[in-house]
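Structure below is upload_28.cif: mmCIF, C-alpha atoms and all ligand atoms.
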data_query
loop_
_atom_site.group_PDB
_atom_site.id
_atom_site.type_symbol
_atom_site.label_atom_id
_atom_site.label_comp_id
_atom_site.auth_asym_id
_atom_site.auth_seq_id
_atom_site.Cartn_x
_atom_site.Cartn_y
_atom_site.Cartn_z
ATOM 1 C CA MET A 30 107.953 124.927 89.369
ATOM 2 C CA TYR A 31 109.460 121.440 88.985
ATOM 3 C CA SER A 32 109.922 121.268 85.267
ATOM 4 C CA VAL A 33 112.640 121.211 82.638
ATOM 5 C CA LYS A 34 112.513 123.330 79.508
ATOM 6 C CA ILE A 35 113.183 121.490 76.263
ATOM 7 C CA LYS A 36 115.414 124.319 75.042
ATOM 8 C CA ASP A 37 117.558 123.903 78.178
ATOM 9 C CA ILE A 38 117.997 120.200 77.364
ATOM 10 C CA GLU A 39 118.930 120.926 73.753
ATOM 11 C CA LYS A 40 121.554 123.533 74.534
ATOM 12 C CA GLU A 41 123.527 121.040 76.646
ATOM 13 C CA GLU A 42 126.401 119.073 75.170
ATOM 14 C CA GLY A 43 125.010 115.913 73.596
ATOM 15 C CA LYS A 44 121.546 117.414 74.136
ATOM 16 C CA THR A 45 121.566 115.663 77.484
ATOM 17 C CA LEU A 46 120.745 117.352 80.771
ATOM 18 C CA LYS A 47 121.164 115.718 84.165
ATOM 19 C CA GLN A 48 119.256 117.196 87.053
ATOM 20 C CA HIS A 49 118.470 116.315 90.627
ATOM 21 C CA PHE A 50 115.006 116.853 92.049
ATOM 22 C CA SER A 51 114.021 116.613 95.669
ATOM 23 C CA PHE A 52 110.534 117.635 96.708
ATOM 24 C CA GLU A 53 107.334 116.697 98.431
ATOM 25 C CA ILE A 54 104.260 115.535 96.540
ATOM 26 C CA LYS A 55 101.648 116.879 98.919
ATOM 27 C CA GLU A 56 98.687 115.179 97.234
ATOM 28 C CA LEU A 57 100.286 111.790 97.932
ATOM 29 C CA SER A 58 102.047 112.617 101.239
ATOM 30 C CA ALA A 59 105.218 111.494 99.514
ATOM 31 C CA LYS A 60 108.791 112.719 99.526
ATOM 32 C CA VAL A 61 110.875 111.995 96.468
ATOM 33 C CA ASP A 62 114.538 112.322 95.725
ATOM 34 C CA SER A 63 115.487 111.693 92.126
ATOM 35 C CA SER A 64 118.333 111.958 89.660
ATOM 36 C CA LEU A 65 116.991 112.315 86.144
ATOM 37 C CA THR A 66 118.636 112.414 82.728
ATOM 38 C CA PHE A 67 116.791 114.261 79.966
ATOM 39 C CA LYS A 68 117.952 113.449 76.458
ATOM 40 C CA SER A 69 116.667 115.045 73.281
ATOM 41 C CA LEU A 70 116.303 112.585 70.393
ATOM 42 C CA GLY A 71 114.955 114.993 67.820
ATOM 43 C CA ASP A 72 111.197 114.636 67.978
ATOM 44 C CA PHE A 73 111.368 112.810 71.282
ATOM 45 C CA ILE A 74 112.624 113.520 74.783
ATOM 46 C CA GLU A 75 113.733 110.519 76.772
ATOM 47 C CA VAL A 76 113.727 110.748 80.574
ATOM 48 C CA THR A 77 115.556 108.112 82.577
ATOM 49 C CA GLY A 78 116.715 107.925 86.146
ATOM 50 C CA HIS A 79 116.046 106.661 89.604
ATOM 51 C CA VAL A 80 113.721 107.712 92.414
ATOM 52 C CA ASN A 81 114.101 107.161 96.122
ATOM 53 C CA GLY A 82 111.813 108.364 98.853
ATOM 54 C CA GLU A 83 108.919 107.429 101.043
ATOM 55 C CA ILE A 84 105.172 107.783 101.071
ATOM 56 C CA ASP A 85 102.625 107.800 103.883
ATOM 57 C CA VAL A 86 100.083 105.093 103.184
ATOM 58 C CA GLU A 87 97.572 103.041 105.113
ATOM 59 C CA CYS A 88 97.873 99.283 105.409
ATOM 60 C CA ASP A 89 95.096 97.615 103.374
ATOM 61 C CA VAL A 90 94.860 94.828 105.923
ATOM 62 C CA CYS A 91 94.976 96.438 109.378
ATOM 63 C CA LEU A 92 94.459 100.093 108.351
ATOM 64 C CA THR A 93 97.546 101.223 110.263
ATOM 65 C CA PRO A 94 99.303 104.229 108.698
ATOM 66 C CA TYR A 95 102.891 103.461 107.758
ATOM 67 C CA LYS A 96 105.636 104.673 105.467
ATOM 68 C CA GLU A 97 106.249 102.740 102.271
ATOM 69 C CA LYS A 98 109.731 103.084 100.788
ATOM 70 C CA LEU A 99 110.002 104.326 97.230
ATOM 71 C CA ASP A 100 112.820 102.905 95.111
ATOM 72 C CA PHE A 101 112.187 102.605 91.377
ATOM 73 C CA ASP A 102 113.491 103.545 87.947
ATOM 74 C CA ILE A 103 112.081 106.124 85.568
ATOM 75 C CA ASP A 104 111.995 105.455 81.834
ATOM 76 C CA GLU A 105 109.642 107.737 79.932
ATOM 77 C CA THR A 106 109.541 109.051 76.403
ATOM 78 C CA TYR A 107 107.784 112.248 75.374
ATOM 79 C CA ALA A 108 106.856 113.380 71.887
ATOM 80 C CA LYS A 109 107.596 117.059 71.286
ATOM 81 C CA THR A 110 105.004 117.578 68.633
ATOM 82 C CA THR A 111 101.488 116.263 68.505
ATOM 83 C CA LEU A 112 101.924 113.086 66.533
ATOM 84 C CA PHE A 113 99.022 111.074 67.709
ATOM 85 C CA GLY A 114 96.090 113.505 67.971
ATOM 86 C CA GLU A 115 93.104 111.213 67.715
ATOM 87 C CA TYR A 116 94.704 108.392 69.689
ATOM 88 C CA GLY A 117 94.889 110.308 72.945
ATOM 89 C CA ASN A 118 97.829 111.393 75.025
ATOM 90 C CA GLU A 119 99.672 108.119 75.325
ATOM 91 C CA VAL A 120 100.429 105.704 72.545
ATOM 92 C CA GLU A 121 102.367 102.472 72.373
ATOM 93 C CA LEU A 122 105.306 102.856 69.998
ATOM 94 C CA ARG A 123 106.717 99.376 70.231
ATOM 95 C CA ASN A 124 105.773 96.477 72.418
ATOM 96 C CA GLY A 125 105.668 97.759 75.978
ATOM 97 C CA GLU A 126 107.060 101.156 75.077
ATOM 98 C CA PHE A 127 104.813 104.151 75.508
ATOM 99 C CA VAL A 128 105.162 107.728 74.458
ATOM 100 C CA THR A 129 103.512 110.654 76.187
ATOM 101 C CA ASP A 130 102.428 113.487 73.946
ATOM 102 C CA LEU A 131 103.596 116.905 75.140
ATOM 103 C CA ASN A 132 100.921 118.517 72.983
ATOM 104 C CA GLY A 133 103.355 121.219 71.966
ATOM 105 C CA ALA A 134 104.362 122.155 75.541
ATOM 106 C CA ASP A 135 107.911 123.515 75.763
ATOM 107 C CA GLU A 136 108.790 121.762 79.008
ATOM 108 C CA ILE A 137 108.623 118.443 80.829
ATOM 109 C CA ASP A 138 106.470 118.557 83.951
ATOM 110 C CA VAL A 139 108.695 116.701 86.415
ATOM 111 C CA TYR A 140 106.196 117.019 89.255
ATOM 112 C CA ASP A 141 103.521 115.267 87.210
ATOM 113 C CA LEU A 142 105.975 112.638 85.968
ATOM 114 C CA LEU A 143 107.009 111.732 89.514
ATOM 115 C CA TYR A 144 103.427 111.928 90.797
ATOM 116 C CA GLN A 145 102.281 109.348 88.264
ATOM 117 C CA SER A 146 105.386 107.218 88.652
ATOM 118 C CA VAL A 147 104.938 107.032 92.427
ATOM 119 C CA ILE A 148 101.329 105.852 91.994
ATOM 120 C CA LEU A 149 102.418 103.209 89.481
ATOM 121 C CA SER A 150 105.194 102.014 91.778
ATOM 122 C CA LEU A 151 102.876 101.217 94.674
ATOM 123 C CA PRO A 152 101.835 97.607 95.218
ATOM 124 C CA ASN A 153 98.193 96.753 94.496
ATOM 125 C CA LYS A 154 97.804 95.650 98.061
ATOM 126 C CA LYS A 155 99.765 97.577 100.661
ATOM 127 C CA VAL A 156 100.706 95.656 103.795
ATOM 128 C CA CYS A 157 102.462 97.373 106.707
ATOM 129 C CA GLY A 158 104.852 94.496 107.392
ATOM 130 C CA ILE A 159 105.328 90.854 108.217
ATOM 131 C CA ASN A 160 103.936 91.439 111.718
ATOM 132 C CA CYS A 161 100.762 92.977 110.359
ATOM 133 C CA ASN A 162 97.784 92.471 112.622
ATOM 134 C CA GLU A 163 95.104 91.086 110.321
ATOM 135 C CA GLY A 164 92.254 91.913 112.678
ATOM 136 C CA LEU A 165 90.490 94.036 110.108
ATOM 137 C CA PHE A 166 90.584 92.122 106.895
ATOM 138 C CA VAL A 167 89.823 93.994 103.687
ATOM 139 C CA THR A 168 88.645 91.757 100.884
ATOM 140 C CA ASP A 169 89.572 92.434 97.284
ATOM 141 C CA GLU A 170 85.924 93.273 96.567
ATOM 142 C CA GLU A 171 85.947 95.995 99.205
ATOM 143 C CA TYR A 172 89.288 97.340 98.137
ATOM 144 C CA GLN A 173 89.096 100.511 96.069
ATOM 145 C CA PRO A 174 92.028 102.432 94.619
ATOM 146 C CA GLU A 175 92.522 105.589 96.649
ATOM 147 C CA ASP A 176 93.231 107.774 93.686
ATOM 148 C CA GLU A 177 90.881 107.899 90.728
ATOM 149 C CA ARG A 178 93.818 108.889 88.512
ATOM 150 C CA LEU A 179 94.770 105.206 88.754
ATOM 151 C CA GLU A 180 91.861 104.519 86.426
ATOM 152 C CA ILE A 181 93.799 105.867 83.469
ATOM 153 C CA PHE A 182 96.445 103.219 83.937
ATOM 154 C CA LYS A 183 94.041 100.309 83.736
ATOM 155 C CA ASN A 184 94.507 99.738 80.039
ATOM 156 C CA ILE A 185 98.196 100.426 79.973
ATOM 157 C CA GLU A 186 100.723 97.675 79.936
ATOM 158 C CA ILE A 187 103.208 97.924 82.772
ATOM 159 C CA LYS A 188 106.706 96.776 82.013
ATOM 160 C CA ASP A 189 108.253 94.028 84.051
ATOM 161 C CA ASN A 190 111.277 95.128 85.998
HETATM 162 ZN ZN ZN B 1 98.948 96.047 108.541
#
How does the structure come out when it is put into structure tokens?
Amino acid sequence: MYSVKIKDIEKEEGKTLKQHFSFEIKELSAKVDSSLTFKSLGDFIEVTGHVNGEIDVECDVCLTPYKEKLDFDIDETYAKTTLFGEYGNEVELRNGEFVTDLNGADEIDVYDLLYQSVILSLPNKKVCGINCNEGLFVTDEEYQPEDERLEIFKNIEIKDN
């Protein structure tokens, strides 16, 4: 539903398509509002842009539900054809630059892109605010990521902003 077909990118002037996406990511209780630019570079599709929004989270310290603001950039590169087969779905091209393999798919899954980007954008330790009541302290040992999909990011280098 929230995707962009590669052929629609390539028929645009300069093979560049700009599109706005605004939707809810139900699995994360997040609302995102994003302006994305899709650019075809031959074998690769580059997606850049910015995301604003908010996500319902729980404070790791006092367990109070609160809304965390989302405000981050998107910079992703996809490979149109399966280049990396045996290396898995994501491979480092240059230092700190990763490429996601589309495995021959004819479209970019924007929902999945924003889902994963929102997870990556969240701080390791979420704190509701400077007035947080630290009555219920959660130690790092007790702290577990809420989403097991985070596991796949453990070995991936995250670029400094
Ligand atoms: Zn708190």
Name each residue within 10 Å of ligand ZN 1 (chain B), counting all atoms listed in the file, as a PDB file with C-alpha atoms, keeping the file's coordinate frame.
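Once everything was written out, this is out-v5.pdb:
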ATOM      1  CA  GLU A  87      97.572 103.041 105.113  1.00  0.00           C
ATOM      2  CA  CYS A  88      97.873  99.283 105.409  1.00  0.00           C
ATOM      3  CA  ASP A  89      95.096  97.615 103.374  1.00  0.00           C
ATOM      4  CA  VAL A  90      94.860  94.828 105.923  1.00  0.00           C
ATOM      5  CA  CYS A  91      94.976  96.438 109.378  1.00  0.00           C
ATOM      6  CA  LEU A  92      94.459 100.093 108.351  1.00  0.00           C
ATOM      7  CA  THR A  93      97.546 101.223 110.263  1.00  0.00           C
ATOM      8  CA  PRO A  94      99.303 104.229 108.698  1.00  0.00           C
ATOM      9  CA  TYR A  95     102.891 103.461 107.758  1.00  0.00           C
ATOM     10  CA  LYS A 155      99.765  97.577 100.661  1.00  0.00           C
ATOM     11  CA  VAL A 156     100.706  95.656 103.795  1.00  0.00           C
ATOM     12  CA  CYS A 157     102.462  97.373 106.707  1.00  0.00           C
ATOM     13  CA  GLY A 158     104.852  94.496 107.392  1.00  0.00           C
ATOM     14  CA  ILE A 159     105.328  90.854 108.217  1.00  0.00           C
ATOM     15  CA  ASN A 160     103.936  91.439 111.718  1.00  0.00           C
ATOM     16  CA  CYS A 161     100.762  92.977 110.359  1.00  0.00           C
ATOM     17  CA  ASN A 162      97.784  92.471 112.622  1.00  0.00           C
ATOM     18  CA  GLU A 163      95.104  91.086 110.321  1.00  0.00           C
ATOM     19  CA  GLY A 164      92.254  91.913 112.678  1.00  0.00           C
ATOM     20  CA  LEU A 165      90.490  94.036 110.108  1.00  0.00           C
ATOM     21  CA  PHE A 166      90.584  92.122 106.895  1.00  0.00           C
TER      22      PHE A 166
END
Open item on the list: Show me the residues close to (114.3, 106.2, 96.4) - anything with an atom within 7 Å, counting all atoms listed in the file - and format the list as a ChimeraX atom specification.
Closed with: /A:61-62,80-82,99-101
- [ ] Just the residues within 12 Å of Glu41 in chain A, please, counting all atoms listed in the file, with nothing from its chain fewer than 6 positions along; format it as a list of chain:residue names.
- [x] A:Lys34, A:Ile35, A:Lys47, A:Gln48, A:Thr66, A:Phe67, A:Lys68, A:Ser69
- [ ] Name the residues that the PyMOL selection byres (((chain A and resi 131-140) around 8) and not hetatm) pulls out of this structure, and write them as a PyMOL selection string.
- [x] chain A and resi 31-36+54+107-111+118+129-130+141-144
Task: Atomic separation - CA of Ser146 in chain A relative to CA of Lys40 in chain A, Å - done: 27.0 Å
Task: For Phe52 in chain A, the nearest of the candidates A:Met30, A:Ile148, A:Val86, A:Ile74, counting all atoms listed in the file - done: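 Among the listed residues, A:Met30 lies closest to Phe52 in chain A.
With CA of Thr77 in chain A on one side and CA of Lys55 in chain A on the other, the separation reads 23.2 Å.
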